[in-house]
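Asker: What follows is a single structure, and I will ask about it in a moment.
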Amino acid sequence: MGLLTDPRTGNGKIIKFVLQWEKWLCFFMYIGGIIWTMLLALPVFNDSTYFSENALLPGLVMKECSLEASAKQFHNELIEEMKRYPDKMPYPWLLAKFNQLYLDVYMHNFTLNYPFREQQFTGQNVYGIVRAPRGASTEAIIVSVPYRPISSVNLNTAPSIALLLAFAKCCRKQKYWAKDIIFLVTEHEQLGMQAWLEAYHGVTSGQDGILMSGDLSGRSGSIQAAINLELHGMKIASVDVKVEGLNGQLPNLDLVNLAQDMITKEGIRRTFQRRPDVNVKNKVSKWWYQFNTLISMIVTQATGVPTGNHGLFHRFGIEAITLEGFERSGRGPEVSFYQVGRVVESIVRSLNNLLERFHQSFFFYLLPSTDRYISIGLYMPPLVLIIGGLFIKAFASWIRLQDTGIKVEENENPDTKISQLKQNKVEEFDIASIASEILWSHIIGVSIMSSPKLFTSIGSQLWDLPTEDSIYYGFIVTTVLTMFWPFYLRRPRKSDNVALVCVVASIEVATTLLCVAMHNFSLALLTAIIYVPTALAISPKREINSKFRGLLHVFWILLHPFVVASILVMGYTRLNFPGEPLMSILIKGIQATKHAFVFSVIDSMIYGNWFYNVTVAILLPNWILFWNVINSKIAFDS
Amino acid sequence: MRLVTLSAILSIYLLRANAWEIPENFAETGHSNNWAVLVDTSRFWFNYRHVANVLSIYRSVKRLGIPDSQIILMIADDMACNPRNPRPATVFNNIKQHINVYGDDVEVDYRGYEVTVENFVRLLTGRLPPETPRSKKLLTDEGSNILIYLTGHGGNGFLKFQDSEEITSQELSDALEQMWQKRRYHEILFVVDTCQASSMYEKFYSPNILAVASSLVGEDSLSHHVDPAVGVYIIDRYTYYALDFLEKVEPSSSKKLSEFLKVCPKHYCLSTVGVRTDLFRRDPKTVPVTDFFGSLRPVELTMNIVNVLPAHVNKTQPVEPEVKYTYVSQFPNLSSYT
C-alpha cells in the first residue's frame with residue numbers, strides 16, 4: 001500500500017490537486033461548513049422527535065393525583081416558614097412535613113472549603129424516600145427542587161417545593177411503584193446537588209478536599225432518572241424544558257421528548273430556550289426563528305455550565321431535566337397546579353415503567369425547536385468541514401517542505417540522489433529546538449492552569465486584593481508575558497523549522513477541536529468558527545505581504561483566549577444592559593469578566609468542569625505556538 | 001364399566017327423546033383427543049397485552065372443554081405480580097375488567113425463563129428429558145388435534161422469544177415435520193398473532209396443518225385498546241376479535257372453522273389476516289371450530305338396548321341424637337369460692 005505522501009504511488013494527483021487548490025479548498029470548506037450549520041435548522045436537515053423506548057408507555061395511565069389543593073396548603077405554610085428564616089432553609093418544617101407523610105426522611109450535611117481563602121461554608125439537604133411497596137429498592141427516581149431563601153437573587157422556587165410535597169403525599173398512597181422515589185430538596189443551588197450526588201455515589205468529582213460531601217445515612221438503589229422542578233408561581237403560563245448539563249452533556253432525547261409530550265398533553269405551553277414553537281407559514285422566517293433557538297442552545301451548551309440542577313446528574317449516567325415553570329407575563333392562558341401536577345405524575349409513572357436505563361434514543365443532539373432534533377450524524381459533517389481546513393493546510397505545507405527535494409529529483413535523476421536529498425531534508429529540521437518550543441509552550445499552559453491559587457495568595461498577601469482581582473490581574477500579567485514571548489528569543493530561525501511548528505500547531509488544534517466536539521459539540525463549533533480562519537492565514541514570514549501581517553498580529557492578539565473571553569463577556573453585558581452609557585458598561589463588563597474567570601476556575605475545582613483546563617492547557621499553548629510563527633525572524637539562507 | 005353405563009344412558013336418551021340429531025360426520029372427524037399449546041413469548045411490563053392474549057385463549061379453550069392436563073401454557077413473564085401492576089394478582093383483557101383471566105384455575109406449565117426456543121421445540125417434538133413432569137409434556141398421538149397459538153414480537157421469518165433469542169419459521173416447520181413423522185398429531189390449527197405473522201407459516205411442508213396469521217409479511221399487528229387504569233395496551237386486535245367469536249361458541253355449537261378464519265376483516269384488524277389452507281386436507285367449511293378449540297368427549301354410541309339395573313342404595317340413615325343448646329351463663333359462678 002502506498003503512502004499518501006509518497007509521490008511515486010498513484011496518489012500524486014490528489015496531492016497536486018491539494019497543493020494547487022489549497023487556499024480555495026480551505027476557504028470553501030470553511031464557508032460550506034458554516035452555511036451547512038446554518039441550514040441544520042431547516043426541516044429538511046432535521047427530524048421530528050419520536051420515542052425509541054417502548055417501555056415508557058408515555059401518557060397511557062390515568063392520572064390519579066389531584067395536587068392543587070394540597071399544594072396550595074403546603075405553599076401557604078411554607079411562605080410563612082420562609083419569612084421566619086429569610087436566608088436559611090426551614091429544615092424543621094420540611095423534616096416535619098416529610099415525616100408526616102411517613103417517608104424515610106434523612107438529612108445530609110456538606111461543607112465547602114473555599115479554595116482561595118481559609119473559609120468554610122456549610123449546607124444541608126433534606127430528602128425523603130418513598131419505598132417501592134412491591135419492588136426491591138434496587139432502582140430509584142429522583143424528584144428534586146433547589147431551595148431558594150427569600151434573600152436569594154434567583155427566582156423563587158417555593159411553589160415547586162409545595163408541589164413536591166403534594167406529589168410525595170399522593171405517591172405514598174399508591175401501590176404500583178417499581179422503583180423508589182427520592183424527594184430531594186437541596187440548598188445552595190448546584191453546590192448542594194453536587195454534594196448530595198457525590199455522597200450518594202461515594203466519589204469526588206472535582207479536586208480533593210474542596211467540596212466535602214460527607215456521607216448519607218439513607219440511600220436507595222441506582223438512580224435511573226431525575227426531574228428537577230423550578231416552578232416560580234402557583235399559576236403557570238409556560239414550562240421550559242432545560243437540558244444542558246455540565247460540560248455540555250445532554251440527557252437522553254427520550255426523556256426530553258417525554259417531558260415535552262406530557263406538557264403538551266396537559267395543554268400547557270411548552271418552550272425550549274424560553275422560546276415557544278411558532279407556526280409561521282413563511283419558510284424563511286420559520287427557519288430564522290428555529291435557527292435562533294438552535295444558536296441559543298449552542299451558546300448555552302458551549303459554556304459547559306449546567307443550566308439547572310439537572311446538569312450535575314449526567315456525569316453519573318443519570319438522565320435528568322429541569323422543568324422550569326414561568327408565571328404569566330402579559331396576556332395568555334395559564335394553568336393551575338392541577339395540570340402541572342399531572343405532568344409530573346405522568347412523567348414519573350412513565351419513568352416507573354422503565355426496565356433499564358435510558359439507552360435507546362440519542363445522547364448527542366441539537367434542538368432547533370421543542371419537537372425537532374438534529375442528530376450527531378447530521379451536525380458533525382459541517383464541523384468536520386470547518387476543522388478539516390486546518391488538516392489540509394498542515395498537509396499541504398508538510399508536502400511543500402518535502403517538495404523542494406522532489407523538484408530537484410525531476411530535473412536530475414536516480415534513486416540514490418533522492419534518498420540523499422531526503423536525508424538532507426530531515427537533517428535540516430532542527431528537531432530539538434522545535435520539540436523544546438512545543439514542550440515549553442505546553443508547560444507554560446499547564447503552569448498557568450494551576451496558577452490561580454498562587455495568584456490569590458500573592459494578591460491577598462502583598463496588596464490585600466480580593467480573589468477575583470488577584471486572579472484577573474494575574475491573568476492579565478500572564479497574557480502580556482505570553483505575548484512578549486517571541487521577543488525574548490529573537491534568534492533568527494530557518495523558514496522550514498518555523499513551518500514545521502506551524503504544521504504541528506495546526507494539527508494539534510484541529511485534533512483537539514474534534515476531540516472536544518465528541519464531548520461538547522457546541523464549544524468545538526464556536527471555537528472552530530472563531531479560530532480556524534485566522535489559523536489558516538498564519539504562515540511563516542515571507543518578505544512580501546507586510547501589511548497583511550500587521551493585520552494578522554492584531555487579529556491573533558484579539559484571539560488570545562483571555563482576550564476572547566473578556567470580549568465575549570463584555571458583549572454579553574452590553575446585551576443585558578442595552579441602554580447604559582459606554583463607560584458604565586465597560587466597568588460592569590470588567591467586573592463580570594473578573595467573576596467569569598473566578599467562576600470558571602472554581603467550577604473546574606468543584607464540579608470538574610474542564611472548560612478552563614482545556615482552554616488554558618491546550619488552546620493557549622497553541623496560541624503561543626502560532627504567535628511564535630507569526631513573529632519569528634526568518635533566516636533566509638541562500 | 002361406568003363409562004359404558006353412561007353411554008348407554010345417553011344412547012337411550014337419544015333414541016327416545018330424539019332431541020339431538022347425530023351430526024353427519026360424528027364419527028368422521030378422525031381424531032381421538034384434543035391438545036392445545038398456548039405460548040406467550042415476550043416478557044416485560046409493556047408487553048402485558050401478549051400475556052392477556054394467551055390467557056384469554058387459554059380461558060376459551062378450557063371453557064370449551066380441553067382439560068388442563070391437555071393444555072400446555074407457556075408464559076414468559078409474570079404480569080400479575082409485576083410491581084407496576086395497579087391491580088395486583090390479576091390480568092385483564094378488557095378495559096371493562098369483567099374477567100380476570102389470571103383467575104384461580106390457571107395452570108401455567110412453562111413460566112418465566114423456562115419459555116425458550118429449546119423448550120418449545122423439545123415440547124413439540126417430544127424430546128424432553130425423562131424426568132420432565134407429565135404436565136410439561138405434550139403427550140399426543142396420531143389421533144390428536146392440536147391447537148398451537150403463538151403471540152409475541154415477530155419479524156419476517158422469526159418470532160422473538162424472551163429478549164434474547166428467536167425461533168425461525170424454518171426451525172418451526174422442521175419441528176412440525178418431525179412431529180408428523182413421529183405421528184404426534186392428526187391435525188394442527190396453527191394461530192399466530194405477531195407482527196409479520198404470516199412469515200411464520202410460509203415454510204410449513206407437513207400435511208394436515210391449517211395456519212392462520214394476524215398479519216401478512218410487511219404488516220404490523222396492532223393492539224386493540226389501552227386500559228388507563230392499568231396503564232398499558234391490554235389486548236391485540238386479532239386476538240380480541242377471535243375471542244369475540246369464540247365467546248359465542250358453545251361445546252355443542254356447530255360453528256365452522258371457515259367462520260373462525262373470517263373473524264377479523266381488515267377494517268377491524270388494520271392488518272390482513274393470512275390463512276394457509278393448502279396443507280389442510282379437509283374443507284374448513286365442514287370442520288367445526290370445536291375440533292380444535294373444544295375437546296372430544298370419550299363417547300361411544302350403541303344401537304343395542306342395554307338393561308340398566310337399579311343400583312343398590314342403602315336407605316338407612318344414621319340417627320343423630322338431638323342436642324338441646326343453651327346459653328352459657330354470662331358470669332362465672334363464683335359461689336363455690338365464697
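Residue names in the C-alpha cells use chain letters A, B, ... in the order shown, residue numbers from 1 in each chain, and ligand numbers from 1 in the order shown.
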Do you know which residues are at most 8 Å from Val115 in chain B counting only C-alpha atoms, after dropping those on the same chain fewer than 6 positions away, and could you put them as a PyMOL selection string?

Answerer: chain B and resi 41+74-76+161-162

Asker: Hey, which bits of chain B sit within 10 Å of chain A, and for each residue what's the closest pair of atoms and how far apart in Å (one decimal), counting only C-alpha atoms, rows by chain and increasing number, as CSV?

Answerer:
```
residue,atom,partner,partner_atom,distance
B:Phe44,CA,A:Leu355,CA,7.6
B:Trp45,CA,A:Asn353,CA,7.3
B:Phe46,CA,A:Ala55,CA,5.5
B:Asn47,CA,A:Ala55,CA,8.7
B:Cys81,CA,A:Arg134,CA,8.7
B:Asn82,CA,A:Ala178,CA,8.1
B:Pro83,CA,A:Arg134,CA,5.1
B:Arg84,CA,A:Tyr176,CA,4.5
B:Asn85,CA,A:Tyr176,CA,5.7
B:Pro86,CA,A:Tyr176,CA,5.1
B:Arg87,CA,A:Tyr176,CA,8.4
B:Pro88,CA,A:Tyr176,CA,8.6
B:Val226,CA,A:Leu60,CA,7.1
B:Asp227,CA,A:Val61,CA,7.7
B:Pro228,CA,A:Val61,CA,4.4
B:Ala229,CA,A:Met62,CA,5.6
B:Val230,CA,A:Val61,CA,6.7
B:Gly231,CA,A:Val61,CA,4.0
B:Val232,CA,A:Leu60,CA,6.4
B:Tyr233,CA,A:Leu60,CA,8.3
```

Asker: For the selection just defined, write its residues with C-alpha atoms to a file, as a PDB file, in the first residue's frame.

Answerer:
```pdb
ATOM      1  CA  PHE B  44     -41.651  -7.011  30.186  1.00  0.00           C
ATOM      2  CA  TRP B  45     -44.450  -4.911  31.513  1.00  0.00           C
ATOM      3  CA  PHE B  46     -45.147  -3.089  28.262  1.00  0.00           C
ATOM      4  CA  ASN B  47     -45.964  -6.474  26.671  1.00  0.00           C
ATOM      5  CA  CYS B  81     -47.153  -9.939  40.157  1.00  0.00           C
ATOM      6  CA  ASN B  82     -45.277  -7.182  38.372  1.00  0.00           C
ATOM      7  CA  PRO B  83     -44.769  -4.390  40.893  1.00  0.00           C
ATOM      8  CA  ARG B  84     -46.066  -1.918  38.277  1.00  0.00           C
ATOM      9  CA  ASN B  85     -49.457  -3.628  38.149  1.00  0.00           C
ATOM     10  CA  PRO B  86     -52.034  -1.396  39.855  1.00  0.00           C
ATOM     11  CA  ARG B  87     -54.334  -4.432  40.126  1.00  0.00           C
ATOM     12  CA  PRO B  88     -52.063  -6.942  41.792  1.00  0.00           C
ATOM     13  CA  VAL B 226     -55.452   0.790  26.347  1.00  0.00           C
ATOM     14  CA  ASP B 227     -56.710   0.392  29.859  1.00  0.00           C
ATOM     15  CA  PRO B 228     -55.684   3.640  31.572  1.00  0.00           C
ATOM     16  CA  ALA B 229     -56.294   2.113  34.971  1.00  0.00           C
ATOM     17  CA  VAL B 230     -53.567  -0.428  34.290  1.00  0.00           C
ATOM     18  CA  GLY B 231     -51.628   1.902  32.030  1.00  0.00           C
ATOM     19  CA  VAL B 232     -50.816  -0.499  29.213  1.00  0.00           C
ATOM     20  CA  TYR B 233     -52.177  -1.773  25.923  1.00  0.00           C
TER      21      TYR B 233
END
```

Asker: From the set B:Val275, B:Ala211, B:Ile235, B:Cys195, which residue has the shortest atom-to-atom contact distance to Tyr48 in chain B, counting only C-alpha atoms?

Answerer: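 Smallest separation from Tyr48 in chain B among the options: B:Ile235.
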
Asker: I'd like to know which of A:Ser144, A:Asn497, A:Thr593, A:Thr482 is closest to Trp627 in chain A, using only C-alpha atoms.

Answerer: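 Of all the options, A:Thr482 lies closest to Trp627 in chain A.
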
Asker: Considering only C-alpha atoms, state which residue in the set B:Arg43, B:His98, B:Arg59, B:Lys315 is at the smallest distance from Thr116 in chain B.

Answerer: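 Of B:Arg43, B:His98, B:Arg59, B:Lys315, the one nearest Thr116 in chain B is B:Arg43, counting only C-alpha atoms.
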
Asker: Please return, as a count of residues only, all residues of range 104-251 of chain B that DSSP assigns to alpha helix (DSSP H) on the basis of the backbone.

Answerer: 32

Asker: Report as a compact mmCIF listing (two decimals) with N, CA and C atoms, in the first residue's frame all protein, DNA and RNA residues lying within 6 Å of Tyr185 in chain B, evaluated on only C-alpha atoms, omitting residues in the same chain fewer than 3 positions from it.

Answerer:
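In the end it all went to selection.txt:
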```txt
# COMPACT_ATOMS: atom_id res chain seq x y z
N ASP B 141 -50.73 -38.24 20.26
CA ASP B 141 -50.52 -39.42 19.41
C ASP B 141 -51.08 -39.14 18.02
N GLU B 142 -51.19 -40.16 17.20
CA GLU B 142 -51.61 -39.90 15.82
C GLU B 142 -53.08 -39.52 15.73
N SER B 144 -54.35 -37.02 17.66
CA SER B 144 -54.51 -35.76 18.39
C SER B 144 -54.70 -34.58 17.45
```

Asker: May I have the residues within 10 Å of Leu378 in chain A as a list in words, using only C-alpha atoms and disregarding those fewer than 6 positions away in the same chain?

Answerer: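 The neighbour list is Trp36, Thr37, Leu40, Phe45, Asn46, Tyr365 and Leu366 of chain A.
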
Asker: Using only C-alpha atoms, which protein or nucleic acid residues come within 8 Å of Ile448 in chain A? Drop anything in the same chain fewer than 2 positions from it, and give the result as a compact mmCIF listing (two decimals) with N, CA and C atoms, in the first residue's frame.

Answerer:
```txt
# COMPACT_ATOMS: atom_id res chain seq x y z
N ILE A 444 4.07 25.95 29.95
CA ILE A 444 3.53 27.25 30.37
C ILE A 444 2.01 27.14 30.55
N GLY A 445 1.36 26.48 29.57
CA GLY A 445 -0.09 26.31 29.66
C GLY A 445 -0.49 25.62 30.95
N VAL A 446 0.18 24.50 31.25
CA VAL A 446 -0.19 23.75 32.46
C VAL A 446 0.08 24.57 33.70
N SER A 450 -2.60 25.89 36.69
CA SER A 450 -2.61 25.64 38.13
C SER A 450 -2.16 26.86 38.92
N SER A 451 -2.14 28.04 38.27
CA SER A 451 -1.61 29.21 38.97
C SER A 451 -2.63 30.00 39.80
N PRO A 452 -3.96 29.90 39.58
CA PRO A 452 -4.86 30.81 40.30
C PRO A 452 -4.65 30.84 41.80
N THR A 478 -0.02 37.33 32.83
CA THR A 478 0.40 36.18 32.02
C THR A 478 0.10 36.43 30.55
N VAL A 616 -6.88 26.65 28.86
CA VAL A 616 -5.56 27.12 29.27
C VAL A 616 -4.47 26.11 28.96
N ALA A 617 -4.76 24.83 29.10
CA ALA A 617 -3.70 23.84 28.93
C ALA A 617 -3.50 23.41 27.48
```

Asker: Asp104 in chain A: which residues within 9 Å, counting only C-alpha atoms, same-chain residues fewer than 4 positions away excluded, as an MDAnalysis selection string?

Answerer: chainID A and resid 98:99 127:131 218

Asker: Figure out the distance between CA of Thr511 in chain A and CA of Ala432 in chain A, please, to one decimal in Å.

Answerer: 23.1 Å

Asker: For Val39 in chain B, work out the shell of residues within 8 Å, counting only C-alpha atoms and skipping chain neighbours fewer than 3 positions away, then give it as a PyMOL selection string.

Answerer: chain B and resi 54+73-75+148-151

Asker: Could you tell me how far CA of Asn208 in chain B lies from CA of Pro67 in chain B, in Å and to one decimal?

Answerer: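 Taking CA of Asn208 in chain B as the start and CA of Pro67 in chain B as the end point, the length is 23.3 Å.
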
Asker: Tell me which of A:Ile141, A:Ile161, A:Ile471, A:Val278 sits closest to Val601 in chain A, counting only C-alpha atoms.

Answerer: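 Looking at the shortest contact to Val601 in chain A, the residue is A:Ile471.
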
Asker: What does the distance between CA of Asp277 in chain A and CA of Asp371 in chain A come to in Å, to one decimal place?

Answerer: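 Distance reported for this atom pair: 8.5 Å.
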